[in-house]
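Peer 1: Attaching a single structure in structure tokens format; questions to follow.
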Amino acid sequence: MTRWARGLSGKPEEGGEVDEEERRPRAGSIANREITRRRELYGEIGNFLFAHDLDLTPINFSVALDYLTGANIGVEKAIRAVLMERGKITNSWIETVAAEQRADEVTPESLATMLDKVEENLDQFTGLMHESRNSAKDYGAALQEQAKDLVDGSDNQPVLARLVGLTRSMVEKTRQVESQLRENQKQTQALKSSLDNARRAAEHDHLTGLPNRRAFEGVLNQEVKLAQEAGEQLSVAFCDIDHFKLVNDTHGHDTGDRVLKFVASLLAKASDDHCHVARHGGEEFVMLFRGKTAAEACEAVDRVREDLATRSLVNRTNGERMERISFSAGVANVFLYEDARAALKAADRALYLAKEHGRNRVYLAAETD
């Protein structure tokens, strides 16, 4: 794939582009073609790491793979952004990107522990119910056996005493089982609450309160189905705060965080059952509009852009008035593309065109993009 070999170090390989047909085995099995494809990809990963003087580590290899194959749009966008700004990436920068990609994920160890505890509680519950049923059967059998000794006109006091003892024993066992079941139920409810909290934490951005990229991907799949079933339009938009690094460098990260939250609040005002807003990562947000054409979605995003651009924000730390804050955006019609991922990439390309053409504007992706 020629794209792999271009843009990695900022210039094409010597000899120009390679004809795709020349790379294919002229004859051979599917397995041979797969081996050839992998070798090419591994070669391009090696070129990427060498071009940027990166160490050969699992993290660097994984990030390079995600970027070159387009498997992770967040990684792809982050690398493209830093290449445009600096032309080169570093080991420490890749570690930061990898950490950001994992920041909104539930810790595997904590989730595994909770799931193991749920399974343990279910096993205990099953054991208690089995024990309770066996106790009831044993009690019934013992009761019948003792009742055989009851004789009319005879002294039945010893038999009745044994029957009373059996009944008391059964009542005590029943109380113990009920107490254990109540305790088991409380623990299970607490675990359910912890799992719900973990799920919410995994799907929400802790800074802005918006859904995160993971949650958005789930919503996107649902909205595609709903729009298709109802015959509705579906449009997606990427919004990226302009010169956000300068905000952090000039006013500090605390102020930068407040800017992120403020922009998030303006975008969230447009959110409803047919419009979803999420923080996609860094200073970038994504919006999904069901029932709106791409042109109508452009207008909706542009209204927010215009609102933000006219605001005069103040740095709380020192009371100084800040530079105007704005964002650029790209919008695409989801159903004009092969799938939702292709539509996201089209909106992303439109966003970068908006950036290149002056920022603080909203561009609509070309239908042939």
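Here, A, B, ... name the chains of the structure tokens in the order displayed, residue numbers run from 1 inside each chain, and ligands are numbered from 1 in the same displayed order.
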As a PyMOL selection string, please: the residues near segment 305-307 of chain A (cut-off 8 Å, only C-alpha atoms, same-chain neighbours under 5 positions excluded).

Peer 2: chain A and resi 326-328+360-361

Peer 1: Skip Glu232 of chain A itself and residues of its chain fewer than 2 positions away, then list as a count of residues only all residues within 8 Å of it, counting only C-alpha atoms.

Peer 2: 8

Peer 1: For the atom pair atom CA of Val331 of chain A and atom CA of Leu364 of chain A, what is the interatomic distance in Å to one decimal place?

Peer 2: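 About the pair atom CA of Val331 of chain A and atom CA of Leu364 of chain A: they are 4.9 Å apart.
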
Peer 1: Which residues, written as a PyMOL selection string, have at least one atom at most 7 Å from segment 346-348 of chain A, with only C-alpha atoms counted and residues fewer than 5 positions away on the same chain left out?

Peer 2: chain A and resi 236-238+330-332+365+369

Peer 1: Atom CA of Leu266 of chain A and atom CA of Leu313 of chain A, how far apart in Å?

Peer 2: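 Pair atom CA of Leu313 of chain A / atom CA of Leu266 of chain A returns 13.5 Å.
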
Peer 1: Can you tell me which residues surround segment 58-64 of chain A at a distance of at most 12 Å, considering only C-alpha atoms, apart from same-chain residues fewer than 6 positions away, and format the answer as a short mmCIF file (atom, residue, chain, number, x, y, z; two decimals) with C-alpha atoms, in the first residue's frame?

Peer 2:
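Contents of the output file around_6.cif:
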data_model
loop_
_atom_site.label_atom_id
_atom_site.label_comp_id
_atom_site.auth_asym_id
_atom_site.auth_seq_id
_atom_site.Cartn_x
_atom_site.Cartn_y
_atom_site.Cartn_z
CA TRP A 4 2.47 3.50 4.10
CA LEU A 8 6.48 8.97 7.44
CA LEU A 41 3.90 -3.87 6.46
CA TYR A 42 6.73 -4.91 8.80
CA GLY A 43 9.16 -3.17 6.48
CA GLU A 44 7.14 0.04 6.59
CA ILE A 45 6.91 -0.16 10.39
CA GLY A 46 10.69 -0.48 10.49
CA ASN A 47 11.05 2.52 8.15
CA PHE A 48 8.70 4.54 10.37
CA LEU A 49 10.65 3.74 13.54
CA PHE A 50 13.99 4.42 11.82
CA ALA A 51 12.82 7.69 10.23
CA HIS A 52 11.91 9.08 13.66
CA GLY A 70 -5.53 3.15 10.09
CA ALA A 71 -6.74 0.67 12.74
CA ASN A 72 -6.99 3.40 15.40
CA ILE A 73 -8.26 6.74 14.15
CA GLY A 74 -7.26 8.45 17.41
CA VAL A 75 -3.62 7.42 17.00
CA GLU A 76 -3.68 8.22 13.29
CA LYS A 77 -5.00 11.74 13.91
CA ALA A 78 -2.58 12.43 16.78
CA ILE A 79 0.45 11.40 14.70
CA ARG A 80 -0.68 13.38 11.67
CA ILE A 89 7.83 12.31 16.84
CA THR A 90 9.73 11.03 19.88
CA ASN A 91 9.68 8.03 22.22
CA SER A 92 8.25 10.07 25.10
CA TRP A 93 5.52 11.52 22.87
CA ILE A 94 4.44 8.03 21.79
CA GLU A 95 4.28 6.93 25.44
CA THR A 96 1.99 9.90 26.13
CA VAL A 97 -0.28 9.05 23.20
CA ALA A 98 -0.46 5.40 24.26
CA ALA A 99 -1.37 6.47 27.82
CA GLN A 101 -5.55 5.93 24.42
#

Peer 1: Which is closest to Gly218 of chain A among A:Ala309, A:Ala278, A:Ala294, A:Leu351, if we use only C-alpha atoms?

Peer 2: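 Comparing A:Ala309, A:Ala278, A:Ala294, A:Leu351 against Gly218 of chain A, the winner is A:Ala278.
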
Peer 1: Counting only C-alpha atoms, which of A:Glu283, A:Asp273, A:Arg316, A:Ala350 gets nearest to Asp242 of chain A?

Peer 2: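 For Asp242 of chain A, the nearest of the given residues is A:Glu283.
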
Peer 1: I'd like the interatomic distance between atom CA of His243 of chain A and atom CA of Leu54 of chain A, to a tenth of an Å.

Peer 2: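 Atom CA of Leu54 of chain A lies at a distance of 26.9 Å from atom CA of His243 of chain A.
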
Peer 1: Which neighbours of Leu288 of chain A fall inside 6 Å, counting only C-alpha atoms, when residues of the same chain fewer than 2 positions from it are skipped, and could you give them as a list in words?

Peer 2: Ser235, Val236, Cys275 and His276 of chain A

Peer 1: In terms of the shortest atom-to-atom distance over only C-alpha atoms, which of A:Val263, A:Arg33, A:Leu226, A:Val277 is closest to Ile241 of chain A?

Peer 2: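 Among A:Val263, A:Arg33, A:Leu226, A:Val277, it is A:Val263 that comes nearest to Ile241 of chain A.
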
Peer 1: Please provide as number ranges by chain all residues within 7 Å of segment 206-209 of chain A, with the sequence filter that same-chain residues fewer than 2 positions apart are discarded (counting only C-alpha atoms).

Peer 2: A: 204, 211, 261, 264

Peer 1: Find, counting only C-alpha atoms, the residue in A:Val224, A:Met170, A:Met84, A:Leu68 that gets nearest to Phe335 of chain A.

Peer 2: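 That would be A:Val224, the residue with the smallest distance to Phe335 of chain A.
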
Peer 1: Counting only C-alpha atoms, figure out which residue out of A:Leu260, A:Met322, A:Leu336, A:Ala268 gets nearest to Leu210 of chain A.

Peer 2: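 Of A:Leu260, A:Met322, A:Leu336, A:Ala268, the one nearest Leu210 of chain A is A:Ala268, counting only C-alpha atoms.
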